Each structure stands twice: as C-alpha cells, then as structure tokens.
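Asker: File name work_30.cif; file contents mmCIF, C-alpha atoms; full text below.
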```cif
data_query
#
loop_
_atom_site.label_atom_id
_atom_site.label_comp_id
_atom_site.auth_asym_id
_atom_site.auth_seq_id
_atom_site.Cartn_x
_atom_site.Cartn_y
_atom_site.Cartn_z
CA MET A 133 17.34 9.26 26.08
CA PRO A 134 18.17 5.73 27.26
CA ARG A 135 16.53 2.88 25.40
CA PRO A 136 14.16 0.57 27.28
CA ALA A 137 15.71 -2.72 28.35
CA PRO A 138 14.55 -5.85 26.52
CA THR A 139 11.60 -7.54 28.18
CA GLU A 140 10.88 -11.24 28.30
CA LEU A 141 9.00 -12.22 25.16
CA PRO A 142 6.26 -14.82 24.83
CA THR A 143 7.13 -18.08 23.12
CA THR A 144 3.86 -18.41 21.19
CA MET A 145 1.42 -16.03 19.51
CA ARG A 146 -1.89 -16.02 17.64
CA ALA A 147 -1.22 -15.50 13.94
CA ALA A 148 -3.39 -15.38 10.83
CA ARG A 149 -2.53 -18.09 8.34
CA ILE A 150 -3.42 -18.83 4.74
CA LEU A 151 -3.13 -22.60 4.35
CA GLY A 152 -3.95 -22.67 0.65
CA PRO A 153 -6.39 -21.09 -1.77
CA HIS A 154 -9.53 -19.97 0.14
CA ARG A 155 -8.35 -21.67 3.36
CA THR A 156 -7.55 -19.51 6.39
CA GLU A 157 -7.17 -19.89 10.13
CA VAL A 158 -5.96 -18.02 13.18
CA ALA A 159 -3.61 -20.38 14.96
CA THR A 160 -1.13 -20.50 17.82
CA VAL A 161 2.40 -20.53 16.39
CA PRO A 162 5.89 -19.94 17.79
CA VAL A 163 7.16 -16.37 18.11
CA PRO A 164 9.99 -16.09 15.57
CA THR A 165 13.56 -15.90 16.83
CA PRO A 166 15.54 -13.21 14.99
CA GLY A 167 18.68 -14.35 13.21
CA PRO A 168 22.03 -12.60 13.76
CA ASP A 169 21.23 -9.84 11.24
CA GLU A 170 17.47 -9.68 11.93
CA VAL A 171 15.12 -7.48 13.92
CA LEU A 172 12.07 -8.82 15.73
CA ILE A 173 9.24 -6.27 15.45
CA ARG A 174 6.31 -6.18 17.84
CA VAL A 175 3.49 -5.38 15.40
CA ARG A 176 0.95 -2.69 16.33
CA ARG A 177 -0.93 -2.28 13.05
CA ALA A 178 -0.94 -4.23 9.77
CA GLY A 179 -2.98 -3.37 6.67
CA VAL A 180 -4.74 -5.57 4.13
CA CYS A 181 -3.46 -5.15 0.57
CA GLY A 182 -4.86 -6.39 -2.71
CA THR A 183 -1.87 -8.72 -2.86
CA ASP A 184 -3.16 -10.48 0.26
CA LEU A 185 -6.43 -11.13 -1.55
CA HIS A 186 -4.59 -12.50 -4.59
CA ILE A 187 -2.70 -14.84 -2.23
CA LEU A 188 -6.00 -15.92 -0.65
CA HIS A 189 -7.36 -16.87 -4.07
CA GLY A 190 -4.19 -18.73 -5.06
CA ASP A 191 -3.40 -16.49 -8.01
CA TYR A 192 -0.18 -14.90 -6.76
CA ALA A 193 2.66 -17.02 -8.07
CA LEU A 194 5.30 -15.91 -5.55
CA ALA A 195 3.30 -17.02 -2.48
CA ARG A 196 4.27 -20.14 -0.57
CA PHE A 197 1.68 -22.02 1.54
CA PRO A 198 1.09 -22.32 4.42
CA MET A 199 2.07 -18.79 5.37
CA THR A 200 1.30 -15.73 7.47
CA PRO A 201 0.57 -12.79 5.14
CA GLY A 202 0.88 -9.09 5.92
CA HIS A 203 3.45 -6.73 4.40
CA GLU A 204 2.05 -3.29 5.34
CA PHE A 205 2.86 -2.87 9.03
CA ALA A 206 4.32 -0.79 11.82
CA GLY A 207 5.41 -1.50 15.35
CA THR A 208 8.34 -1.32 17.75
CA VAL A 209 11.57 -3.27 17.98
CA ALA A 210 11.18 -6.14 20.46
CA ALA A 211 14.57 -7.84 20.03
CA VAL A 212 17.60 -7.73 17.76
CA GLY A 213 20.15 -10.23 16.51
CA ASP A 214 23.80 -10.17 17.62
CA GLU A 215 24.97 -8.42 14.43
CA VAL A 216 22.33 -5.65 14.43
CA ARG A 217 23.77 -2.19 15.10
CA GLY A 218 21.43 0.35 13.50
CA VAL A 219 18.27 -0.10 15.58
CA ALA A 220 17.51 -0.75 19.23
CA VAL A 221 14.75 -2.26 21.33
CA GLY A 222 11.88 0.21 21.63
CA ASP A 223 12.46 2.00 18.29
CA ALA A 224 9.31 2.73 16.27
CA VAL A 225 9.77 1.09 12.87
CA THR A 226 8.29 -0.29 9.69
CA ALA A 227 10.03 -2.29 6.97
CA ASP A 228 10.37 -2.53 3.23
CA PRO A 229 8.81 -5.98 2.65
CA ASN A 230 10.96 -6.62 -0.42
CA VAL A 231 14.26 -8.23 0.54
CA PRO A 232 16.46 -8.32 -2.58
CA CYS A 233 19.42 -10.64 -2.94
CA LEU A 234 21.77 -7.72 -3.85
CA VAL A 235 23.89 -9.90 -6.15
CA CYS A 236 21.77 -10.66 -9.24
CA PRO A 237 22.07 -8.49 -12.40
CA GLU A 238 18.93 -6.50 -11.56
CA CYS A 239 20.06 -5.77 -8.02
CA ARG A 240 23.48 -4.70 -9.25
CA ARG A 241 21.85 -2.00 -11.40
CA GLY A 242 19.59 -0.82 -8.59
CA ALA A 243 16.38 -2.48 -9.80
CA TRP A 244 15.83 -4.17 -6.44
CA ASN A 245 12.10 -4.65 -7.04
CA GLN A 246 13.01 -6.78 -10.08
CA CYS A 247 15.43 -9.01 -8.13
CA HIS A 248 15.77 -12.52 -9.58
CA ASP A 249 15.71 -14.05 -6.08
CA LEU A 250 13.37 -11.67 -4.28
CA SER A 251 12.21 -12.58 -0.78
CA VAL A 252 9.03 -10.81 0.29
CA VAL A 253 7.74 -10.44 3.85
CA GLY A 254 4.18 -11.74 3.94
CA VAL A 255 4.51 -13.52 0.59
CA THR A 256 7.53 -15.83 0.48
CA ARG A 257 8.28 -15.55 4.21
CA ASP A 258 5.95 -15.10 7.18
CA GLY A 259 4.55 -11.62 7.52
CA ALA A 260 2.92 -9.23 9.96
CA PHE A 261 -0.62 -10.52 10.46
CA ALA A 262 0.76 -11.64 13.81
CA PRO A 263 1.97 -9.95 16.99
CA PHE A 264 5.63 -10.41 15.99
CA VAL A 265 7.51 -10.53 12.69
CA ALA A 266 11.24 -10.98 12.02
CA VAL A 267 12.91 -9.08 9.15
CA PRO A 268 16.49 -8.32 8.09
CA GLU A 269 17.89 -5.14 9.62
CA ARG A 270 18.69 -3.74 6.18
CA VAL A 271 15.00 -3.32 5.31
CA VAL A 272 13.97 -1.71 8.64
CA VAL A 273 13.06 2.00 8.53
CA GLY A 274 12.35 4.21 11.53
CA THR A 275 8.91 5.79 11.94
CA ASP A 276 9.50 8.02 14.95
CA GLY A 277 6.70 10.59 15.22
CA LEU A 278 4.20 8.56 13.20
CA SER A 279 1.18 6.81 14.68
CA ALA A 280 0.94 3.06 14.24
CA ALA A 281 -1.92 3.57 11.77
CA ALA A 282 0.21 5.94 9.71
CA GLY A 283 3.26 3.68 9.94
CA ALA A 284 1.27 0.81 8.45
CA MET A 285 0.44 3.07 5.49
CA VAL A 286 4.10 3.72 4.66
CA GLU A 287 4.50 0.73 2.35
CA PRO A 288 1.45 1.58 0.17
CA LEU A 289 2.69 5.17 -0.12
CA ALA A 290 6.18 3.88 -0.97
CA CYS A 291 4.64 2.07 -3.96
CA VAL A 292 3.16 5.38 -5.11
CA ALA A 293 6.47 7.15 -4.52
CA TRP A 294 8.30 4.66 -6.75
CA GLY A 295 5.81 5.15 -9.57
CA LEU A 296 6.05 8.91 -9.12
CA ARG A 297 9.76 8.72 -9.84
CA ARG A 298 9.01 6.95 -13.09
CA VAL A 299 6.23 9.19 -14.43
CA ARG A 300 7.99 12.48 -13.56
CA VAL A 301 5.14 14.87 -12.83
CA ARG A 302 5.98 18.42 -13.89
CA PRO A 303 4.89 21.60 -12.09
CA GLY A 304 1.57 22.78 -13.51
CA ASP A 305 0.49 19.42 -14.91
CA ASP A 306 -3.15 18.37 -15.03
CA ALA A 307 -3.66 14.84 -13.73
CA LEU A 308 -6.56 12.38 -13.95
CA VAL A 309 -6.80 9.47 -11.50
CA PHE A 310 -9.16 6.53 -11.97
CA GLY A 311 -10.02 5.04 -8.58
CA ALA A 312 -10.49 6.74 -5.21
CA GLY A 313 -9.76 3.81 -2.94
CA PRO A 314 -6.82 3.99 -0.52
CA MET A 315 -4.25 3.76 -3.30
CA GLY A 316 -6.03 6.25 -5.54
CA CYS A 317 -6.23 8.75 -2.67
CA LEU A 318 -2.53 8.28 -1.91
CA LEU A 319 -1.75 8.75 -5.58
CA LEU A 320 -3.89 11.89 -5.75
CA GLN A 321 -2.02 13.49 -2.86
CA ALA A 322 1.43 12.45 -4.07
CA VAL A 323 0.81 13.78 -7.57
CA ARG A 324 -0.40 17.06 -6.07
CA ALA A 325 2.69 17.26 -3.82
CA ALA A 326 4.91 16.62 -6.85
CA GLY A 327 3.59 19.77 -8.53
CA ALA A 328 0.37 18.92 -10.37
CA ALA A 329 -1.80 22.04 -10.60
CA ARG A 330 -5.12 20.19 -10.82
CA VAL A 331 -6.15 16.61 -10.10
CA VAL A 332 -9.43 14.99 -11.16
CA VAL A 333 -10.56 11.70 -9.60
CA VAL A 334 -13.09 9.23 -11.01
CA ASP A 335 -14.83 6.65 -8.79
CA PRO A 336 -18.35 5.18 -8.64
CA VAL A 337 -18.62 5.25 -4.81
CA ARG A 338 -19.78 8.48 -3.22
CA GLY A 339 -17.92 8.02 0.06
CA ARG A 340 -14.67 7.52 -1.80
CA ARG A 341 -15.29 10.56 -4.00
CA ASP A 342 -15.95 12.58 -0.84
CA ALA A 343 -12.65 11.36 0.62
CA ALA A 344 -10.82 12.33 -2.57
CA ALA A 345 -12.36 15.79 -2.51
CA GLU A 346 -11.34 16.29 1.12
CA LEU A 347 -7.79 15.23 0.29
CA GLY A 348 -7.36 17.73 -2.55
CA GLY A 349 -9.21 16.51 -5.63
CA ASP A 350 -10.31 19.48 -7.74
CA LEU A 351 -13.11 17.53 -9.37
CA THR A 352 -14.49 14.15 -8.28
CA ILE A 353 -16.91 12.44 -10.65
CA THR A 354 -18.53 9.11 -11.41
CA PRO A 355 -17.53 7.02 -14.45
CA GLU A 356 -20.84 8.03 -16.03
CA ASP A 357 -19.84 11.71 -15.86
CA THR A 358 -16.56 11.51 -17.76
CA ASP A 359 -18.03 13.64 -20.55
CA ARG A 360 -17.31 16.55 -18.18
CA LEU A 361 -13.58 15.98 -18.58
CA ALA A 362 -13.49 17.60 -22.02
CA SER A 363 -14.62 20.95 -20.62
CA PHE A 364 -12.36 20.70 -17.57
CA ALA A 365 -9.19 19.95 -19.58
CA PRO A 366 -9.93 20.63 -23.28
CA LEU A 367 -6.42 19.60 -24.35
CA GLY A 368 -6.41 16.45 -22.24
CA PHE A 369 -4.42 15.49 -19.16
CA ASP A 370 -0.64 15.43 -18.84
CA LEU A 371 -0.91 12.38 -16.60
CA VAL A 372 -3.64 9.74 -16.59
CA ALA A 373 -3.24 7.19 -13.79
CA ASP A 374 -5.15 3.96 -13.24
CA ALA A 375 -5.48 2.89 -9.61
CA THR A 376 -8.27 0.37 -10.25
CA GLY A 377 -6.53 -2.57 -11.93
CA VAL A 378 -9.57 -2.92 -14.19
CA PRO A 379 -8.38 -3.67 -17.76
CA ARG A 380 -11.22 -1.83 -19.50
CA VAL A 381 -10.41 1.30 -17.47
CA VAL A 382 -6.78 1.13 -18.61
CA GLU A 383 -7.87 0.66 -22.20
CA ASP A 384 -10.23 3.63 -22.06
CA ALA A 385 -7.86 5.90 -20.13
CA VAL A 386 -5.58 6.59 -23.10
CA ARG A 387 -8.15 8.79 -24.79
CA TYR A 388 -8.00 11.33 -21.97
CA ALA A 389 -4.24 11.88 -22.29
CA ARG A 390 -2.92 15.09 -23.78
CA PRO A 391 -0.43 14.76 -26.67
CA GLY A 392 2.92 14.10 -25.03
CA GLY A 393 1.13 12.81 -21.96
CA THR A 394 1.69 9.70 -19.86
CA LEU A 395 -0.54 6.76 -18.97
CA TRP A 396 0.50 5.42 -15.56
CA VAL A 397 -0.47 1.76 -15.07
CA PHE A 398 -0.49 1.52 -11.28
CA GLY A 399 -3.44 -0.73 -10.39
CA VAL A 400 -2.88 -4.49 -10.31
CA ALA A 401 -4.82 -6.17 -13.11
CA PRO A 402 -5.23 -9.97 -13.39
CA GLU A 403 -2.08 -11.52 -14.82
CA GLU A 404 -3.93 -12.98 -17.80
CA ALA A 405 -5.73 -9.72 -18.68
CA ARG A 406 -5.07 -7.98 -21.98
CA VAL A 407 -5.96 -4.52 -23.29
CA ARG A 408 -6.03 -3.12 -26.82
CA LEU A 409 -3.99 0.01 -27.49
CA SER A 410 -3.38 1.61 -30.88
CA PRO A 411 0.36 1.66 -31.70
CA PHE A 412 -0.34 4.43 -34.20
CA GLU A 413 -2.03 6.56 -31.54
CA LEU A 414 0.89 6.12 -29.16
CA PHE A 415 3.23 7.06 -32.00
CA ARG A 416 1.24 9.97 -33.43
CA ARG A 417 0.44 11.60 -30.08
CA ASP A 418 3.86 11.09 -28.46
CA LEU A 419 2.25 9.12 -25.62
CA SER A 420 4.13 7.22 -22.93
CA VAL A 421 2.87 4.16 -21.08
CA VAL A 422 4.60 3.64 -17.74
CA GLY A 423 4.15 0.80 -15.30
CA SER A 424 5.37 0.76 -11.71
CA PHE A 425 5.74 -2.31 -9.53
CA ALA A 426 5.88 -2.32 -5.73
CA VAL A 427 8.60 -0.29 -4.02
CA ASN A 428 12.21 0.34 -4.94
CA GLY A 429 14.10 2.03 -2.14
CA THR A 430 11.23 4.47 -1.53
CA VAL A 431 10.15 3.54 2.01
CA PRO A 432 12.23 6.34 3.63
CA GLN A 433 10.78 8.79 1.11
CA ALA A 434 7.24 7.71 2.07
CA VAL A 435 7.99 8.19 5.77
CA ALA A 436 9.23 11.70 5.00
CA MET A 437 6.11 12.53 2.98
CA ILE A 438 3.84 11.52 5.86
CA ARG A 439 5.99 13.15 8.52
CA GLY A 440 6.17 16.38 6.51
CA GLY A 441 2.42 16.52 5.99
CA SER A 442 2.36 16.45 2.19
CA VAL A 443 0.32 13.22 2.29
CA ARG A 444 -2.38 12.44 4.85
CA VAL A 445 -2.85 8.73 5.47
CA GLU A 446 -4.85 8.26 8.66
CA PRO A 447 -8.12 9.46 7.07
CA LEU A 448 -7.80 6.49 4.70
CA VAL A 449 -8.12 3.88 7.47
CA SER A 450 -11.79 2.91 7.62
CA HIS A 451 -11.80 -0.41 9.52
CA VAL A 452 -9.62 -1.62 12.40
CA LEU A 453 -10.09 -5.20 13.61
CA PRO A 454 -8.34 -7.64 15.95
CA ILE A 455 -6.53 -10.47 14.22
CA GLU A 456 -9.05 -13.01 15.51
CA ARG A 457 -11.42 -11.43 12.96
CA PHE A 458 -9.00 -12.17 10.12
CA ALA A 459 -11.54 -13.73 7.75
CA GLU A 460 -13.93 -10.83 8.34
CA GLY A 461 -11.19 -8.33 7.56
CA LEU A 462 -10.36 -10.01 4.26
CA GLU A 463 -14.05 -10.10 3.34
CA LEU A 464 -14.40 -6.38 4.09
CA ALA A 465 -11.33 -5.56 2.02
CA GLU A 466 -12.62 -7.55 -0.94
CA SER A 467 -16.35 -7.00 -0.95
CA ASP A 468 -17.36 -3.81 0.86
CA PRO A 469 -17.57 -1.03 -1.76
CA HIS A 470 -17.45 1.64 0.95
CA ARG A 471 -14.38 0.47 2.83
CA MET A 472 -11.02 2.13 2.50
CA LYS A 473 -7.95 0.64 4.20
CA VAL A 474 -8.62 -2.29 6.53
CA GLN A 475 -6.05 -2.72 9.30
CA PHE A 476 -5.53 -5.30 12.04
CA ALA A 477 -4.52 -4.07 15.49
CA PHE A 478 -2.35 -5.83 18.06
CA GLY A 479 -1.46 -5.34 21.70
CA ALA A 480 -2.70 -2.11 23.27
CA ASP A 481 -4.02 -0.96 19.88
CA ALA A 482 -6.44 -3.88 19.87
CA ALA A 483 -7.93 -3.05 23.28
CA GLY A 484 -11.11 -1.13 24.01
CA ASP A 485 -14.02 -0.23 21.77
CA ALA A 486 -12.15 2.02 19.31
CA ILE A 487 -12.14 -0.87 16.85
CA ASP A 488 -15.89 -1.00 16.52
CA ARG A 489 -16.17 2.78 16.36
CA ALA A 490 -13.73 2.87 13.46
CA ALA A 491 -15.80 0.31 11.59
CA ASP A 492 -19.03 2.14 12.35
CA ARG A 493 -17.70 5.39 10.91
CA ALA A 494 -16.98 3.66 7.60
CA ALA A 495 -20.35 1.93 7.30
CA ASP A 496 -23.19 2.99 5.04
CA GLY A 497 -20.96 4.84 2.59
CA ALA A 498 -19.89 7.51 5.07
CA ALA A 499 -16.68 9.35 4.36
CA PRO A 500 -13.80 7.40 5.98
CA ALA A 501 -12.43 8.56 9.28
CA GLY A 502 -8.97 8.17 10.76
CA GLY A 503 -8.04 4.87 12.42
#
```
Would you mind writing the file's structure down as structure tokens?
Answerer:
Amino acid sequence: MPRPAPTELPTTMRAARILGPHRTEVATVPVPTPGPDEVLIRVRRAGVCGTDLHILHGDYALARFPMTPGHEFAGTVAAVGDEVRGVAVGDAVTADPNVPCLVCPECRRGAWNQCHDLSVVGVTRDGAFAPFVAVPERVVVGTDGLSAAAGAMVEPLACVAWGLRRVRVRPGDDALVFGAGPMGCLLLQAVRAAGAARVVVVDPVRGRRDAAAELGGDLTITPEDTDRLASFAPLGFDLVADATGVPRVVEDAVRYARPGGTLWVFGVAPEEARVRLSPFELFRRDLSVVGSFAVNGTVPQAVAMIRGGSVRVEPLVSHVLPIERFAEGLELAESDPHRMKVQFAFGADAAGDAIDRAADRAADGAAPAGG
C-alpha cells in the first residue's frame, strides 16, 4: 500500500510547559524540525505519569526547565530526517523515551536504562504534551493495529515488562500486588500472562479494586483486610510486588513473601525515603529483593503483549482531556483517588464530546472505562 505523501506542517503549536517547580503554562511554541536521524511524530494521545508530577514539584533531578513533559505517547509519523530509512510518513508509532548514548560502560553491557549520559524524551528534552515531538529514529517503534489510547499505554507496560524479566515469574506462582492504579493493573495482567496461577491485589479504592477484578485479579481486598491473605496463601506468596511507591507498604510487604520468594520494588518512592528490612530474615528465608527502573529494550515486547491480547490497556484510561486543560489533567492525576490513567488528546482525537464522556465515566468512583 503506498504511503501518504508528506503534507505541509504548521510552524507553531500549542504545547504544555513546565517552567519550574509548580509553574505551568500552555504556550505557542515552534514545531520542532527533525534532525537528519530524527522522526517528527504527530501526537494523538499522551499520558500523564508519576514522573511528570515529580517534575512539576521540582524533585526529579534529571529534568531541565523550562520544558515540555510527556513520555507516554502515540501518534503517526509527520516527517522524517534525510538519514531515516526504517519508518515513513503516515506510520503509526510510539517511542522508547529513553535515548541511551550507546558508548558508556553501562550501554556497552546492555544496561541502557542505566546509561551514564541518558537523554529522556519529556524529561531532558521536550516531550509529547504537544501536537508534535521529534525523537531519534532508533527509539521509534511501530504500533500498527493499536488505537492511539493503547499506543500511549505502551511505555508504562514496557516498564512492567522490564521488571518482569528481572523477577522471573514461574508457572503456578502465587502473586500479591499492592496497588490497583494503572501500573498495578498492568502489573497484575503481565504477571498473570507470565504464568502466575493466582494474583491478589490490595487497594483502598473500590473502583480500582473493581477494575483489578475485571482484569483478572482472583481476590481484591482493602489494606484493612490483609488478614485474609493467610488463608488464601498459607505458605505466603512467591512474588510480592509494590506498585504504590509508599515506603511503609514496601516495608510491610516482606512478611507476605513465601520462603524463597521475591519482593519486587516497582513503585516510585521519594528519593529520600528509607525502609527497615531484617537482613537475618532475608538470609534465613532465602528472600530476594528486586528493583526495576523504567524500560530497557522492552517497548516492542509491550506492543506485542497489547496486540496479542494478553494485556488490556484501554480499560485503564479514565480521563481524556485537551492539552489546553493541562493543569487540570495534572491535578486529576495527582489528587483524584478514583482516576486511572489520564491522557491528553490532540488533533481529531481532541474533537467532539468524547472527552467529557470519558471523564464522566470515571467520576464518583465508577469502574474505569476505555478511552
């Protein structure tokens, strides 16, 4: 099928900006011009991540102000640089936001997420809370067959996929997940797809517990009901995963692990936070503590998981807003206990009244609906 010819692009666009801690605006800025090895992506959807909130509060050391955030996104190729050969105008794509240098010691051993000179779309370079974003061709991944809403969920799932490689779920394992927000529900499904026989999810919010149950949780309970875990898994859980980033949850989670089990530290805790763990208990019970940071070559894997149906992502999108409501979107993502994934829509996706309907479905603690 022939590719569509390039169309004339605008020279300016309305982009969300973080000027410094707690200072935001939506401003008119130039449309980026792709370099020789870069791809210009016309953004259709972009999701709000906890990292964006850390940037807003000025407690994410990598961020450079002023900047356009947004690293979870999907769209179509609008233009390509002279050296680009692998993608064409009109292709449906997303991108791995981490752009490693490829030459430092960590990159040379394949630990690209630990690169000493890491460039990150939406953190150290302008991101996708704008109608257009330019990224190197080498981080672009095709999303043919995925909706824009699903494509913007690829990066969060890729984070889960990287951690899944590290914790090595075995067929028949029992797993316990703390947190049923968007990341917890992705983690639940990925662990199930990897072979876990039963997955229990703990969350205080009813709507989120309902979502987890619909997506495959065998038991969904409140933090006050964790005494039920002893009867559900008398020997403990092979995998205990924290998707909350709350230090006291991490500290408490160890006691639910089966001997030989693994504690997966997935949620992002404050950098200065500390937890107390017993070295003797880790030693005596053969416990493993595994952390996982961002993505590491797992974006194509995440696309395959969504495309193949092993992980459902669209039910996790609860709010869809135009970028002019940037501040409102950040406030929803940070403060609304019932929200799931908040996304910004651009172009045709931002037209009509579907935006308000998506928000209405997520209000009042209702189970989230697809975006």
Asker: Please write as a PDB file with C-alpha atoms, in the frame of the given file the full residue list that the PyMOL selection byres ((chain A and resi 291-295) around 7) yields on this file.
Answerer:
```
ATOM      1  CA  GLU A 287       4.500   0.730   2.350  1.00  0.00           C
ATOM      2  CA  PRO A 288       1.450   1.580   0.170  1.00  0.00           C
ATOM      3  CA  LEU A 289       2.690   5.170  -0.120  1.00  0.00           C
ATOM      4  CA  ALA A 290       6.180   3.880  -0.970  1.00  0.00           C
ATOM      5  CA  LEU A 296       6.050   8.910  -9.120  1.00  0.00           C
ATOM      6  CA  ARG A 297       9.760   8.720  -9.840  1.00  0.00           C
ATOM      7  CA  ARG A 298       9.010   6.950 -13.090  1.00  0.00           C
ATOM      8  CA  VAL A 299       6.230   9.190 -14.430  1.00  0.00           C
ATOM      9  CA  LEU A 319      -1.750   8.750  -5.580  1.00  0.00           C
ATOM     10  CA  SER A 424       5.370   0.760 -11.710  1.00  0.00           C
ATOM     11  CA  ALA A 426       5.880  -2.320  -5.730  1.00  0.00           C
ATOM     12  CA  VAL A 427       8.600  -0.290  -4.020  1.00  0.00           C
ATOM     13  CA  ASN A 428      12.210   0.340  -4.940  1.00  0.00           C
ATOM     14  CA  THR A 430      11.230   4.470  -1.530  1.00  0.00           C
ATOM     15  CA  ALA A 434       7.240   7.710   2.070  1.00  0.00           C
TER      16      ALA A 434
END
```
Asker: Work out how far CA of Glu269 in chain A is from CA of Gly218 in chain A, in Å to one decimal.
Answerer: 7.6 Å
Asker: What does the distance from CA of Glu463 in chain A to CA of Leu318 in chain A come to in Å, to one decimal?
Answerer: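 CA of Leu318 in chain A lies at a distance of 22.3 Å from CA of Glu463 in chain A.
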Asker: Evaluating the PyMOL selection byres ((chain A and resi 302) around 8) on the displayed file yields which residues, as a list in words?
Answerer: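 When the PyMOL selection byres ((chain A and resi 302) around 8) is applied, the selected residues are Arg300, Val301, Pro303, Gly304, Asp305, Ala326, Gly327 and Ala328 of chain A.
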Asker: Give me, please, the distance in Å between CA of Ser420 in chain A and CA of Ala325 in chain A, quoted to one decimal.
Answerer: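 Between these atoms lies a distance of 21.6 Å.
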Asker: Select, from A:Arg217, A:Arg341, A:His451, A:Arg406, the residue with the minimum atom-to-atom distance to Arg270 in chain A, counting only C-alpha atoms.
Answerer: A:Arg217
Asker: Could you check the closest approach to Thr256 in chain A for each of A:Ala195, A:Asp306, A:Val271, A:Thr208 and tell me which residue wins, using all atoms listed in the file?
Answerer: A:Ala195
Asker: Compile the contact shell of range 346-355 of chain A as a ChimeraX atom specification: residues with an atom at most 6 Å away, counting all atoms listed in the file, same-chain residues fewer than 2 positions apart removed.
Answerer: /A:331-336,341,343-344,357-358
Asker: Pick from A:His154, A:Arg257, A:Lys473, A:Arg330: nearest to Gly182 in chain A, with only C-alpha atoms counted?
Answerer: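 For Gly182 in chain A, the nearest of the candidates is A:Lys473.
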Asker: Which residues of range 187-296 of chain A come within 12 Å of range 457-460 of chain A, and for each one, what is the closest pair of atoms and their distance in Å to one decimal, counting only C-alpha atoms, sorted by chain and residue number, as JSON lines?
Answerer:
```
{"residue": "A:Leu188", "atom": "CA", "partner": "A:Ala459", "partner_atom": "CA", "distance": 10.3}
{"residue": "A:Thr200", "atom": "CA", "partner": "A:Phe458", "partner_atom": "CA", "distance": 11.2}
{"residue": "A:Pro201", "atom": "CA", "partner": "A:Phe458", "partner_atom": "CA", "distance": 10.8}
{"residue": "A:Gly202", "atom": "CA", "partner": "A:Phe458", "partner_atom": "CA", "distance": 11.2}
{"residue": "A:Phe261", "atom": "CA", "partner": "A:Phe458", "partner_atom": "CA", "distance": 8.5}
{"residue": "A:Ala262", "atom": "CA", "partner": "A:Phe458", "partner_atom": "CA", "distance": 10.4}
```
Asker: Keeping only C-alpha atoms, write the selected residues to a file as a compact mmCIF listing (two decimals), in the frame of the given file.
Answerer:
```
# COMPACT_ATOMS: atom_id res chain seq x y z
CA LEU A 188 -6.00 -15.92 -0.65
CA THR A 200 1.30 -15.73 7.47
CA PRO A 201 0.57 -12.79 5.14
CA GLY A 202 0.88 -9.09 5.92
CA PHE A 261 -0.62 -10.52 10.46
CA ALA A 262 0.76 -11.64 13.81
```
Asker: Please provide as a PyMOL selection string all residues within 9 Å of Leu194 in chain A, with the sequence filter that same-chain residues fewer than 5 positions apart are discarded (counting only C-alpha atoms).
Answerer: chain A and resi 187+252+255-256
Asker: Once N, CA and C atoms are restored for range 283-298 of chain A, what would the output be as an mmCIF file, in the coordinates of the input?
Answerer:
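Output file out.cif follows:
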```
data_model
loop_
_atom_site.group_PDB
_atom_site.id
_atom_site.type_symbol
_atom_site.label_atom_id
_atom_site.label_comp_id
_atom_site.auth_asym_id
_atom_site.auth_seq_id
_atom_site.Cartn_x
_atom_site.Cartn_y
_atom_site.Cartn_z
ATOM 1 N N GLY A 283 2.102 4.505 10.273
ATOM 2 C CA GLY A 283 3.260 3.680 9.940
ATOM 3 C C GLY A 283 2.909 2.506 9.063
ATOM 4 N N ALA A 284 1.709 1.942 9.267
ATOM 5 C CA ALA A 284 1.270 0.810 8.450
ATOM 6 C C ALA A 284 0.835 1.247 7.060
ATOM 7 N N MET A 285 0.757 2.553 6.822
ATOM 8 C CA MET A 285 0.440 3.070 5.490
ATOM 9 C C MET A 285 1.693 3.465 4.714
ATOM 10 N N VAL A 286 2.856 3.318 5.327
ATOM 11 C CA VAL A 286 4.100 3.720 4.660
ATOM 12 C C VAL A 286 4.355 2.890 3.411
ATOM 13 N N GLU A 287 4.201 1.569 3.519
ATOM 14 C CA GLU A 287 4.500 0.730 2.350
ATOM 15 C C GLU A 287 3.597 1.036 1.158
ATOM 16 N N PRO A 288 2.269 1.187 1.327
ATOM 17 C CA PRO A 288 1.450 1.580 0.170
ATOM 18 C C PRO A 288 1.903 2.899 -0.443
ATOM 19 N N LEU A 289 2.232 3.881 0.405
ATOM 20 C CA LEU A 289 2.690 5.170 -0.120
ATOM 21 C C LEU A 289 4.040 5.020 -0.821
ATOM 22 N N ALA A 290 4.894 4.116 -0.326
ATOM 23 C CA ALA A 290 6.180 3.880 -0.970
ATOM 24 C C ALA A 290 6.006 3.336 -2.384
ATOM 25 N N CYS A 291 4.940 2.545 -2.604
ATOM 26 C CA CYS A 291 4.640 2.070 -3.960
ATOM 27 C C CYS A 291 4.297 3.257 -4.870
ATOM 28 N N VAL A 292 3.502 4.180 -4.345
ATOM 29 C CA VAL A 292 3.160 5.380 -5.110
ATOM 30 C C VAL A 292 4.409 6.209 -5.383
ATOM 31 N N ALA A 293 5.260 6.343 -4.366
ATOM 32 C CA ALA A 293 6.470 7.150 -4.520
ATOM 33 C C ALA A 293 7.389 6.585 -5.604
ATOM 34 N N TRP A 294 7.469 5.257 -5.700
ATOM 35 C CA TRP A 294 8.300 4.660 -6.750
ATOM 36 C C TRP A 294 7.718 4.971 -8.137
ATOM 37 N N GLY A 295 6.409 4.816 -8.286
ATOM 38 C CA GLY A 295 5.810 5.150 -9.570
ATOM 39 C C GLY A 295 5.975 6.619 -9.917
ATOM 40 N N LEU A 296 5.902 7.466 -8.898
ATOM 41 C CA LEU A 296 6.050 8.910 -9.120
ATOM 42 C C LEU A 296 7.416 9.236 -9.694
ATOM 43 N N ARG A 297 8.422 8.519 -9.259
ATOM 44 C CA ARG A 297 9.760 8.720 -9.840
ATOM 45 C C ARG A 297 9.766 8.389 -11.327
ATOM 46 N N ARG A 298 8.986 7.399 -11.698
ATOM 47 C CA ARG A 298 9.010 6.950 -13.090
ATOM 48 C C ARG A 298 8.187 7.843 -14.019
#
```
